[in-house]
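Asker: Can you keep this structure in mind? I'll have questions shortly.
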Amino acid sequence: APRRRGCPQRRASARAMAAPPFVDDPTAMHKDGPLSCKLHPTVLFGIADHFMRRQEEQGRVIGTLLGSVNDGVVEVRNSFPVPHSEAEQATIDSDFNTTMCSLHRKVHPKEVVVGWYSTGSQITHNDQFYHQFFEEQAGGADGFAPIFLLVDTSLSAKGVKTKAFVRSELSLGAKHVASAFVTVHTRLANSEAERIAIDHLVRSSMPAGDGPKQPHELVPLRPDVDTVHWRMCKLLDALDKTRAYIEEVEAGKV
């Protein structure tokens, strides 16, 4: 995962950006924006990898979400980490984010910034500052409200919990009072290629001869040596079948 070392260090700061009061009011009505969010599994894998590679002093990690917006549906296809700090005040490496967006656009020109992610189980006060930063980076359609994806990596429920939010402006008459995060319906959407890859990962992590696993049962990963041995056995079995077929052809049996 990209690291802060060697990157430009001009950062946006929470103190430099005045923001209205923030409340976490689930009853609030959000402004015009995405009605639902489609999340690809590769994004979750990337976020989990970012969290596992974080520095010891980091409590959480954040990053940029990329994808597309069509007919009120945000489809999140990619992501990348963004260095940040919350030691004294909330800061984010804006130059790093700009550079990564530019590089990503060369590979996927049709994808835009659709929001950001954070690991953790609860919304924090600094999230309003980070969300405001990514609102400025988002390049969706008119009236687009970027997604805030919260990923719980504690595995407290024997799985990875995800929640998506958009920011809502709370007003009293014509006066703006506060901001609030409200939830957005999220579902996992994967292509045929992603489904095949996930099935392969699950099957290859099962010890040979084991039957189907029970729901929510953790499957241990194979050690590297066992994986190589298992693949060599599969290859030898395929070669034996090929040789037997060739012998039948030569004997005129086929």
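Residues are named by chain letter and number: chains run A, B, ... in the order of the structure tokens, numbers start at 1 in each chain, and ligands are numbered from 1 in the order shown.
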I need the residues in region 13-192 of chain A that are helix (DSSP H, G or I) according to DSSP; give them as number ranges by chain.
Answerer: A: 41-52, 94-107, 127-137, 192
Asker: What lies within 6 Å of region 144-157 of chain A using only C-alpha atoms, ignoring chain neighbours under 3 positions off, as a VMD selection string?
Answerer: chain A and resid 33 114 to 121 140 to 141 160 to 166
Asker: Give me a file of those residues, with all heavy atoms, as a short mmCIF file (atom, residue, chain, number, x, y, z; two decimals), in the first residue's frame.
Answerer:
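The resulting file, again27.cif, is reproduced below:
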data_model
loop_
_atom_site.label_atom_id
_atom_site.label_comp_id
_atom_site.auth_asym_id
_atom_site.auth_seq_id
_atom_site.Cartn_x
_atom_site.Cartn_y
_atom_site.Cartn_z
N GLY A 33 -29.27 12.93 -3.74
CA GLY A 33 -28.02 12.21 -3.86
C GLY A 33 -28.29 10.76 -4.16
O GLY A 33 -29.39 10.38 -4.57
N VAL A 114 -16.01 8.87 -5.88
CA VAL A 114 -17.41 8.77 -5.46
C VAL A 114 -17.54 8.83 -3.93
O VAL A 114 -18.65 8.73 -3.41
CB VAL A 114 -18.06 7.48 -5.98
CG1 VAL A 114 -18.14 7.50 -7.50
CG2 VAL A 114 -17.30 6.24 -5.50
N GLY A 115 -16.43 8.99 -3.23
CA GLY A 115 -16.50 9.07 -1.78
C GLY A 115 -15.21 8.65 -1.13
O GLY A 115 -14.13 8.72 -1.73
N TRP A 116 -15.32 8.18 0.11
CA TRP A 116 -14.14 7.78 0.86
C TRP A 116 -14.51 6.69 1.85
O TRP A 116 -15.69 6.44 2.10
CB TRP A 116 -13.55 8.97 1.60
CG TRP A 116 -14.41 9.55 2.69
CD1 TRP A 116 -15.58 10.24 2.55
CD2 TRP A 116 -14.16 9.50 4.10
NE1 TRP A 116 -16.08 10.62 3.77
CE2 TRP A 116 -15.23 10.18 4.75
CE3 TRP A 116 -13.13 8.97 4.89
CZ2 TRP A 116 -15.31 10.32 6.13
CZ3 TRP A 116 -13.20 9.12 6.28
CH2 TRP A 116 -14.28 9.78 6.88
N TYR A 117 -13.50 6.02 2.38
CA TYR A 117 -13.74 4.96 3.36
C TYR A 117 -12.93 5.19 4.62
O TYR A 117 -11.92 5.92 4.61
CB TYR A 117 -13.40 3.58 2.77
CG TYR A 117 -11.93 3.33 2.54
CD1 TYR A 117 -11.07 2.94 3.58
CD2 TYR A 117 -11.36 3.46 1.27
CE1 TYR A 117 -9.73 2.70 3.37
CE2 TYR A 117 -10.02 3.22 1.04
CZ TYR A 117 -9.20 2.84 2.10
OH TYR A 117 -7.86 2.61 1.89
N SER A 118 -13.38 4.58 5.69
CA SER A 118 -12.66 4.58 6.96
C SER A 118 -12.94 3.27 7.66
O SER A 118 -14.04 2.72 7.55
CB SER A 118 -13.13 5.75 7.84
OG SER A 118 -12.61 5.63 9.16
N THR A 119 -11.94 2.76 8.36
CA THR A 119 -12.17 1.59 9.19
C THR A 119 -12.62 2.05 10.57
O THR A 119 -12.26 3.13 11.03
CB THR A 119 -10.89 0.74 9.32
OG1 THR A 119 -9.82 1.55 9.84
CG2 THR A 119 -10.49 0.17 7.96
N GLY A 120 -13.40 1.21 11.24
CA GLY A 120 -13.91 1.55 12.56
C GLY A 120 -15.35 1.09 12.69
O GLY A 120 -15.98 0.64 11.73
N SER A 121 -15.87 1.20 13.88
CA SER A 121 -17.24 0.76 14.15
C SER A 121 -18.21 1.91 14.37
O SER A 121 -19.42 1.71 14.35
CB SER A 121 -17.26 -0.14 15.40
OG SER A 121 -16.72 0.55 16.53
N GLY A 140 -18.84 13.57 -9.51
CA GLY A 140 -20.03 12.90 -10.04
C GLY A 140 -20.98 13.86 -10.73
O GLY A 140 -20.63 14.98 -11.11
N ALA A 141 -22.21 13.42 -10.90
CA ALA A 141 -23.21 14.23 -11.59
C ALA A 141 -23.69 15.36 -10.70
O ALA A 141 -23.36 15.45 -9.52
CB ALA A 141 -24.38 13.33 -11.99
N VAL A 160 -17.14 -8.97 8.29
CA VAL A 160 -16.83 -7.56 8.12
C VAL A 160 -18.13 -6.78 7.91
O VAL A 160 -18.84 -7.00 6.94
CB VAL A 160 -15.89 -7.34 6.92
CG1 VAL A 160 -15.62 -5.85 6.74
CG2 VAL A 160 -14.59 -8.10 7.12
N LYS A 161 -18.45 -5.89 8.85
CA LYS A 161 -19.64 -5.06 8.74
C LYS A 161 -19.32 -3.80 7.94
O LYS A 161 -18.28 -3.18 8.14
CB LYS A 161 -20.14 -4.66 10.13
CG LYS A 161 -20.87 -5.75 10.88
CD LYS A 161 -21.41 -5.19 12.17
CE LYS A 161 -22.28 -6.20 12.91
NZ LYS A 161 -22.84 -5.62 14.16
N THR A 162 -20.22 -3.43 7.05
CA THR A 162 -20.06 -2.20 6.29
C THR A 162 -21.33 -1.36 6.36
O THR A 162 -22.43 -1.90 6.35
CB THR A 162 -19.75 -2.50 4.80
OG1 THR A 162 -20.81 -3.25 4.23
CG2 THR A 162 -18.45 -3.28 4.68
N LYS A 163 -21.15 -0.05 6.43
CA LYS A 163 -22.26 0.89 6.39
C LYS A 163 -21.87 2.05 5.49
O LYS A 163 -20.72 2.48 5.49
CB LYS A 163 -22.60 1.42 7.80
CG LYS A 163 -23.23 0.40 8.73
CD LYS A 163 -23.58 1.06 10.06
CE LYS A 163 -24.24 0.06 11.01
NZ LYS A 163 -24.60 0.70 12.30
N ALA A 164 -22.83 2.54 4.74
CA ALA A 164 -22.59 3.68 3.86
C ALA A 164 -23.47 4.85 4.29
O ALA A 164 -24.62 4.65 4.70
CB ALA A 164 -22.87 3.31 2.40
N PHE A 165 -22.91 6.06 4.20
CA PHE A 165 -23.62 7.26 4.63
C PHE A 165 -23.47 8.36 3.57
O PHE A 165 -22.53 8.36 2.78
CB PHE A 165 -23.05 7.80 5.95
CG PHE A 165 -23.04 6.81 7.08
CD1 PHE A 165 -21.95 5.98 7.28
CD2 PHE A 165 -24.12 6.72 7.96
CE1 PHE A 165 -21.91 5.08 8.33
CE2 PHE A 165 -24.10 5.82 9.01
CZ PHE A 165 -23.00 4.99 9.19
N VAL A 166 -24.41 9.29 3.59
CA VAL A 166 -24.27 10.56 2.90
C VAL A 166 -24.51 11.66 3.93
O VAL A 166 -25.14 11.43 4.96
CB VAL A 166 -25.24 10.71 1.71
CG1 VAL A 166 -24.90 9.75 0.59
CG2 VAL A 166 -26.69 10.51 2.16
#
Asker: At what distance in Å, to one decimal, does CA of Asn78 (chain A) lie from CA of Leu39 (chain A)?
Answerer: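 Between these atoms lies a distance of 9.2 Å.
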Asker: Could you state the separation of CA of Arg77 (chain A) and CA of Val43 (chain A) in Å, given to one decimal place?
Answerer: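 Distance between the two atoms: 6.4 Å.
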